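Q: Below is final.txt; it holds compact mmCIF, C-alpha atoms and all ligand atoms.
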```txt
# COMPACT_ATOMS: atom_id res chain seq x y z
CA MET A 1 -70.15 -2.99 26.89
CA LYS A 2 -67.37 -2.59 29.44
CA GLU A 3 -64.69 0.08 29.16
CA PRO A 4 -61.69 -0.98 27.04
CA VAL A 5 -58.69 -2.03 29.15
CA ILE A 6 -55.12 -1.01 28.31
CA TRP A 7 -52.15 -3.21 29.20
CA ASP A 8 -48.44 -2.52 28.99
CA ILE A 9 -46.84 -5.79 27.92
CA PRO A 10 -43.29 -6.59 29.06
CA ILE A 11 -40.85 -6.50 26.15
CA PRO A 12 -40.52 -10.14 25.07
CA GLU A 13 -37.25 -11.87 24.17
CA ILE A 14 -36.82 -12.61 20.48
CA THR A 15 -34.23 -14.94 18.99
CA LEU A 16 -32.02 -14.66 15.93
CA ASP A 17 -33.80 -17.70 14.46
CA GLU A 18 -37.15 -15.94 14.82
CA VAL A 19 -35.79 -12.88 13.04
CA PHE A 20 -34.41 -15.03 10.20
CA GLN A 21 -37.75 -16.82 10.01
CA ALA A 22 -39.58 -13.48 9.76
CA GLU A 23 -37.20 -12.55 6.93
CA GLY A 24 -37.98 -15.81 5.15
CA ALA A 25 -34.26 -16.70 5.32
CA ASP A 26 -33.39 -20.40 5.41
CA TYR A 27 -30.12 -21.22 7.17
CA SER A 28 -30.92 -24.90 7.72
CA GLN A 29 -28.30 -26.02 5.16
CA ARG A 30 -25.62 -23.35 5.69
CA LEU A 31 -24.59 -20.97 8.44
CA PRO A 32 -25.14 -17.24 7.97
CA HIS A 33 -22.03 -15.19 7.12
CA PRO A 34 -20.40 -13.68 10.27
CA ARG A 35 -21.10 -10.22 8.82
CA ILE A 36 -24.81 -11.02 8.67
CA LEU A 37 -24.74 -12.34 12.23
CA LYS A 38 -23.02 -9.20 13.49
CA SER A 39 -25.38 -6.81 11.72
CA HIS A 40 -28.43 -8.74 12.91
CA HIS A 41 -27.27 -8.69 16.52
CA GLN A 42 -26.82 -4.91 16.26
CA ILE A 43 -30.27 -4.44 14.75
CA MET A 44 -31.86 -6.72 17.35
CA GLU A 45 -30.30 -4.61 20.08
CA GLU A 46 -31.64 -1.48 18.47
CA ALA A 47 -35.09 -3.02 18.02
CA ALA A 48 -35.25 -3.93 21.71
CA SER A 49 -34.70 -0.28 22.58
CA LEU A 50 -37.54 0.86 20.29
CA VAL A 51 -40.46 -1.50 20.95
CA ARG A 52 -43.24 -0.53 23.34
CA PRO A 53 -45.72 -3.44 23.38
CA THR A 54 -49.20 -2.36 24.42
CA ALA A 55 -52.58 -4.06 24.19
CA ILE A 56 -56.11 -2.69 24.35
CA TRP A 57 -59.06 -5.04 24.75
CA VAL A 58 -62.77 -4.98 25.40
CA GLU A 59 -65.63 -7.45 25.83
CA VAL A 60 -68.63 -7.11 23.53
CA GLY A 61 -71.89 -9.04 23.91
CA VAL A 62 -73.00 -11.52 21.22
CA THR A 63 -76.69 -11.14 20.44
CA SER A 64 -77.31 -13.79 17.73
CA THR A 65 -75.85 -15.54 14.70
CA GLY A 66 -76.85 -15.87 11.06
CA VAL A 67 -75.40 -17.55 7.99
CA GLY A 68 -71.81 -16.32 7.93
CA GLU A 69 -72.62 -13.57 10.42
CA LEU A 70 -72.18 -12.97 14.12
CA PHE A 71 -74.31 -10.19 15.59
CA LEU A 72 -72.99 -8.01 18.38
CA GLU A 73 -74.47 -5.48 20.77
CA ASP A 74 -75.36 -2.02 19.45
CA GLY A 75 -76.44 -3.55 16.10
CA TYR A 76 -72.92 -4.31 14.85
CA LYS A 77 -71.91 -7.58 13.19
CA PHE A 78 -68.93 -9.55 11.95
CA THR A 79 -69.15 -11.25 8.55
CA SER A 80 -67.12 -14.45 8.29
CA ASN A 81 -68.12 -18.07 7.69
CA LEU A 82 -65.82 -19.32 10.42
CA LEU A 83 -67.01 -17.04 13.24
CA PRO A 84 -70.56 -18.40 13.75
CA LYS A 85 -69.19 -21.93 13.41
CA VAL A 86 -66.52 -21.49 16.09
CA ALA A 87 -68.01 -18.76 18.28
CA GLY A 88 -71.74 -19.11 17.55
CA THR A 89 -72.45 -20.20 21.16
CA ALA A 90 -70.19 -17.54 22.69
CA GLU A 91 -71.77 -15.19 25.20
CA LYS A 92 -69.33 -12.44 24.33
CA MET A 93 -66.45 -11.65 22.04
CA LEU A 94 -63.13 -10.41 23.28
CA LEU A 95 -61.77 -7.78 20.88
CA ILE A 96 -58.09 -6.97 21.22
CA SER A 97 -55.42 -5.00 19.42
CA ILE A 98 -51.72 -5.23 20.14
CA THR A 99 -49.04 -2.86 18.93
CA ILE A 100 -45.33 -2.39 19.45
CA GLY A 101 -45.60 1.36 18.86
CA THR A 102 -44.40 3.83 16.27
CA ALA A 103 -40.69 4.23 17.10
CA ILE A 104 -39.63 1.09 15.22
CA ASP A 105 -41.63 2.14 12.11
CA ASP A 106 -40.03 5.59 12.26
CA ARG A 107 -36.54 4.09 12.47
CA MET A 108 -37.29 1.80 9.50
CA GLU A 109 -38.26 4.85 7.46
CA GLU A 110 -35.01 6.57 8.43
CA TYR A 111 -33.02 3.55 7.26
CA LYS A 112 -34.94 3.46 3.97
CA LYS A 113 -34.41 7.16 3.35
CA ALA A 114 -30.68 6.68 4.00
CA GLY A 115 -30.63 3.82 1.47
CA LYS A 116 -29.85 1.29 4.23
CA MET A 117 -32.26 -1.31 2.95
CA SER A 118 -30.73 -4.35 4.64
CA GLU A 119 -30.94 -2.61 8.03
CA ALA A 120 -34.56 -1.63 7.31
CA PHE A 121 -35.33 -5.20 6.27
CA ALA A 122 -33.77 -6.72 9.39
CA LEU A 123 -35.52 -4.19 11.64
CA ASP A 124 -38.82 -5.00 9.95
CA ALA A 125 -38.24 -8.70 10.68
CA CYS A 126 -37.44 -7.92 14.34
CA ALA A 127 -40.67 -5.93 14.55
CA THR A 128 -42.64 -8.85 13.10
CA ALA A 129 -41.11 -11.19 15.68
CA TYR A 130 -41.88 -8.74 18.49
CA VAL A 131 -45.51 -8.20 17.51
CA ALA A 132 -46.03 -11.97 17.24
CA LYS A 133 -44.55 -12.60 20.68
CA ALA A 134 -46.34 -9.66 22.31
CA SER A 135 -49.62 -10.92 20.83
CA THR A 136 -49.03 -14.41 22.22
CA THR A 137 -48.29 -12.93 25.66
CA ALA A 138 -51.41 -10.75 25.63
CA MET A 139 -53.68 -13.55 24.38
CA SER A 140 -52.36 -16.00 26.98
CA ARG A 141 -53.00 -13.44 29.69
CA VAL A 142 -56.65 -12.93 28.70
CA GLU A 143 -57.21 -16.65 28.15
CA ASP A 144 -55.80 -17.47 31.60
CA ALA A 145 -58.04 -14.83 33.21
CA TYR A 146 -61.17 -16.30 31.57
CA HIS A 147 -60.20 -19.88 32.33
CA LEU A 148 -59.71 -18.97 36.02
CA GLU A 149 -63.30 -17.71 35.99
CA GLY A 150 -64.43 -21.07 34.57
CA MET A 151 -65.09 -19.67 31.09
CA LYS A 152 -63.98 -21.24 27.83
CA THR A 153 -62.35 -19.38 24.96
CA THR A 154 -62.03 -20.00 21.24
CA PHE A 155 -58.79 -19.63 19.34
CA PRO A 156 -58.09 -16.08 18.14
CA MET A 157 -59.38 -15.03 14.71
CA GLY A 158 -59.10 -11.83 12.75
CA PRO A 159 -60.10 -10.01 9.56
CA GLY A 160 -57.61 -10.30 6.71
CA HIS A 161 -57.20 -14.09 6.74
CA SER A 162 -58.76 -16.29 4.09
CA TYR A 163 -61.70 -17.32 6.31
CA TRP A 164 -62.49 -13.63 7.00
CA LYS A 165 -61.49 -11.83 3.86
CA GLY A 166 -62.96 -8.36 4.17
CA LEU A 167 -61.01 -5.87 6.24
CA GLU A 168 -64.16 -3.73 6.71
CA ASP A 169 -64.83 -5.50 10.02
CA MET A 170 -61.68 -3.83 11.35
CA GLN A 171 -63.93 -0.79 11.65
CA VAL A 172 -66.24 -2.73 13.96
CA ILE A 173 -63.30 -3.83 16.11
CA PHE A 174 -61.96 -0.29 16.27
CA HIS A 175 -65.41 1.14 17.02
CA PHE A 176 -65.57 -0.90 20.22
CA LEU A 177 -61.89 -0.70 21.14
CA ARG A 178 -61.44 3.03 20.76
CA ALA A 179 -57.84 2.10 20.06
CA GLU A 180 -56.80 5.68 19.34
CA ARG A 181 -56.16 5.79 23.08
CA ILE A 182 -52.99 3.76 22.45
CA GLY A 183 -52.15 5.59 19.23
CA LEU A 184 -53.78 3.22 16.74
CA HIS A 185 -56.00 4.10 13.82
CA LEU A 186 -57.14 2.58 10.53
CA ASN A 187 -56.07 3.95 7.18
CA ASP A 188 -58.36 4.17 4.13
CA SER A 189 -57.73 0.48 3.38
CA ASN A 190 -58.69 -0.52 6.94
CA LEU A 191 -55.11 -1.45 7.78
CA ILE A 192 -53.86 -0.63 11.25
CA ILE A 193 -51.41 2.23 11.63
CA PRO A 194 -48.75 1.86 13.02
CA ARG A 195 -48.14 -1.09 10.76
CA LYS A 196 -46.65 -3.44 13.32
CA SER A 197 -49.93 -3.99 15.12
CA VAL A 198 -52.57 -6.71 15.00
CA ALA A 199 -56.25 -6.99 15.89
CA MET A 200 -57.98 -10.22 16.83
CA VAL A 201 -61.21 -11.48 18.31
CA MET A 202 -61.93 -14.49 20.47
CA GLY A 203 -65.22 -16.04 21.58
CA VAL A 204 -65.83 -16.39 25.34
CA GLY A 205 -68.53 -18.48 26.99
CA HIS A 206 -69.51 -21.49 29.07
CA ASP A 207 -70.70 -23.60 26.16
CA LEU A 208 -68.05 -23.55 23.44
CA SER A 209 -66.87 -26.44 21.29
CA ASP A 210 -63.40 -27.73 22.09
CA TYR A 211 -61.21 -27.43 19.03
CA LYS A 212 -58.38 -29.30 20.75
CA GLY A 213 -55.35 -27.14 20.09
CA LYS A 214 -56.43 -26.07 16.62
CA THR A 215 -55.82 -22.51 15.44
CA HIS A 216 -57.49 -20.42 12.77
CA CYS A 217 -54.89 -21.69 10.28
CA ASN A 218 -56.50 -25.15 10.47
CA PHE A 219 -59.63 -23.62 8.94
CA CYS A 220 -57.85 -21.65 6.25
CA ASN A 221 -57.29 -22.81 2.70
CA LEU A 222 -53.76 -21.37 2.75
CA GLN A 223 -52.84 -23.45 5.80
CA THR A 224 -49.45 -22.75 7.36
CA THR A 225 -47.66 -22.07 4.08
CA CYS A 226 -48.57 -18.41 4.25
CA PRO A 227 -46.07 -15.97 5.78
CA LEU A 228 -48.77 -14.49 8.05
CA SER A 229 -48.97 -17.74 9.98
CA GLN A 230 -45.60 -16.84 11.51
CA ALA A 231 -46.87 -13.46 12.64
CA VAL A 232 -50.05 -14.20 14.56
S1 LIG A 301 -52.68 -19.76 7.02
FE1 LIG A 301 -53.20 -18.87 9.02
S2 LIG A 301 -52.15 -16.91 9.05
FE2 LIG A 301 -52.23 -17.56 6.91
S3 LIG A 301 -54.08 -16.57 6.07
FE3 LIG A 301 -54.62 -18.62 6.78
S4 LIG A 301 -55.34 -18.27 8.88
FE4 LIG A 301 -54.19 -16.50 8.28
```
Can you turn what I pasted into structure tokens?
Ligand code: SF4
A:
Amino acid sequence: MKEPVIWDIPIPEITLDEVFQAEGADYSQRLPHPRILKSHHQIMEEAASLVRPTAIWVEVGVTSTGVGELFLEDGYKFTSNLLPKVAGTAEKMLLISITIGTAIDDRMEEYKKAGKMSEAFALDACATAYVAKASTTAMSRVEDAYHLEGMKTTFPMGPGHSYWKGLEDMQVIFHFLRAERIGLHLNDSNLIIPRKSVAMVMGVGHDLSDYKGKTHCNFCNLQTTCPLSQAV
């Protein structure tokens, strides 16, 4: 296994529409009230000053596959029906975690404690939009690097989606990533702390099936109706 690599990711631009989408707000039939627009612009400005997008990633060798299992170096394995199907011929797995840091979570807590729930809600939506964009940036960067080397990559997948239900495999990802170096850890439920962070894996190899623009959502029984599909 190589040493995990840490990247600072440039702060991405997010749009008001993306923030509304993360809130689940639908303004397709009516315009938001000017007061809502003003408060959202203020919160977006504040969010931009608080996010620190960082990624940590590592390559891990694939040793073999089984039914619903993908075996990794050092005797570790991932348990998901989709993984051996999509990444069964991968030579290695790229494991990556992306976070936007703790400052935005801290500020949300301050708003909640002060009873400013709409500010906390809007800031939470900004954070969701930021982590989604930062993840896209980081994944594109690693994909481009592999493609330049003539390697193929699968679409990103991760524990916690319907095709990979158990979050226990987060422990495998974190074992290899040693993500505490960028301030990440798992809580007792195997959720990443700070909250606005994601972890994904991607198969890498010379002989991978081409899924032609499909994502993990195409293999999920929730399809794109689930709110998570906006976030990763
Ligand atoms: S629809 Fe996509 S984002 Fe939602 S659970 Fe399924 S794979 Fe995950």
Q: Choose the residue, out of A:Leu82, A:Leu94, A:Ala122, A:Ala127, that has the smallest atom-to-atom separation from ligand LIG 301 (chain A); count all atoms listed in the file.
A: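 Nearest candidate to ligand LIG 301 (chain A) out of A:Leu82, A:Leu94, A:Ala122, A:Ala127: A:Leu82.
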Q: Mind giving me the straight-line distance from atom CA of A:Asp144 to atom CA of A:Glu3 in Å, one decimal?
A: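 Value for the atom CA of A:Asp144-atom CA of A:Glu3 distance: 19.8 Å.
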Q: As an exercise, work out the distance from atom CA of A:Thr99 to atom CA of A:Glu149 in Å and give it to one decimal place.
A: 26.7 Å
Q: How many Å lie between atom CA of A:Val19 and atom CA of A:Cys126, rounded to one decimal?
A: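 Straight-line distance from atom CA of A:Val19 to atom CA of A:Cys126 works out to 5.4 Å.
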Q: Would you kindly identify which residues have an atom no farther than 7 Å from (-70.8, -12.6, 21.5), using all atoms listed in the file and the file's own coordinates, and write them out as a count of residues only?
A: 10
Q: Enclose ligand LIG 301 (chain A), meaning all of its atoms listed in the file, in a box aligned along x, y and z, pad it by 5 Å on each side, and list the centre and edge lengths in Å to one decimal, as lines of an AutoDock Vina configuration file.
A:
```
center_x = -53.7
center_y = -18.1
center_z = 7.6
size_x = 13.2
size_y = 13.3
size_z = 13.0
```
Q: Nearest to A:Ile182: which of A:Lys85, A:Arg107, A:Lys116, A:Arg52 is it, counting only C-alpha atoms?
A: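 The closest residue to A:Ile182 is A:Arg52.
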Q: With a distance cut-off of 8 Å and only C-alpha atoms, select the neighbouring residues of A:Leu177, excluding the residue or stretch itself and same-chain residues fewer than 4 positions from it, and output the selection as JSON, numbers by chain.
A: {"A": [4, 56, 57, 58, 95, 96, 97, 173]}
Q: Could you check the closest approach to ligand LIG 301 (chain A) for each of A:Pro159, A:Gly75, A:Gly24, A:Pro34 and tell me which residue wins, using all atoms listed in the file?
A: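 Of all the options, A:Pro159 lies closest to ligand LIG 301 (chain A).
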Q: Using all atoms listed in the file, can you list as a list of chain:residue names the residues within 10 Å of (-49.5, -10.7, 29.8)?
A: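 Output of the proximity query reads A:Trp7, A:Asp8, A:Ile9, A:Pro10, A:Thr54, A:Ala55, A:Ala134, A:Ser135, A:Thr136, A:Thr137, A:Ala138, A:Met139, A:Ser140, A:Arg141, A:Val142, A:Glu143, A:Asp144.
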Q: Which residue gives the smallest distance to A:Ile43 among A:Glu168, A:Glu119, A:Asp188, A:Glu59, with only C-alpha atoms counted?
A: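 For A:Ile43, the nearest of the candidates is A:Glu119.
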Q: Tell me which of A:Arg195, A:Lys113, A:His161, A:Lys77 sits closest to A:Thr128, counting all atoms listed in the file.
A: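 Under the stated criterion, the closest residue is A:Arg195.
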Q: Pick from A:Met151, A:Ala132, A:Ile193, A:Ile98: nearest to ligand LIG 301 (chain A), with only C-alpha atoms and all ligand atoms counted?
A: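 Among the listed residues, the smallest separation from ligand LIG 301 (chain A) belongs to A:Ala132.
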Q: What's around A:Asp17 at 12 Å? Count only C-alpha atoms, leave out sequence neighbours fewer than 6 positions away in its own chain, and write the answer as a list in words.
A: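 Near A:Asp17, the qualifying residues are Glu23, Gly24, Ala25, Asp26, Tyr27, Ser28, Leu31, Pro32, Leu37, His40, His41, Met44, Ala125, Cys126 and Ala129 of chain A.
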Q: List as a list in words the protein and nucleic acid residues near A:Val86, meaning an atom at most 10 Å away when only C-alpha atoms are counted, but skip any in the same chain fewer than 4 places from it.
A: Asn81, Leu82, Ala90, Thr154, Phe155, Met157, Met202, Gly203, Leu208, Ser209, Asp210, Tyr211 and His216 of chain A
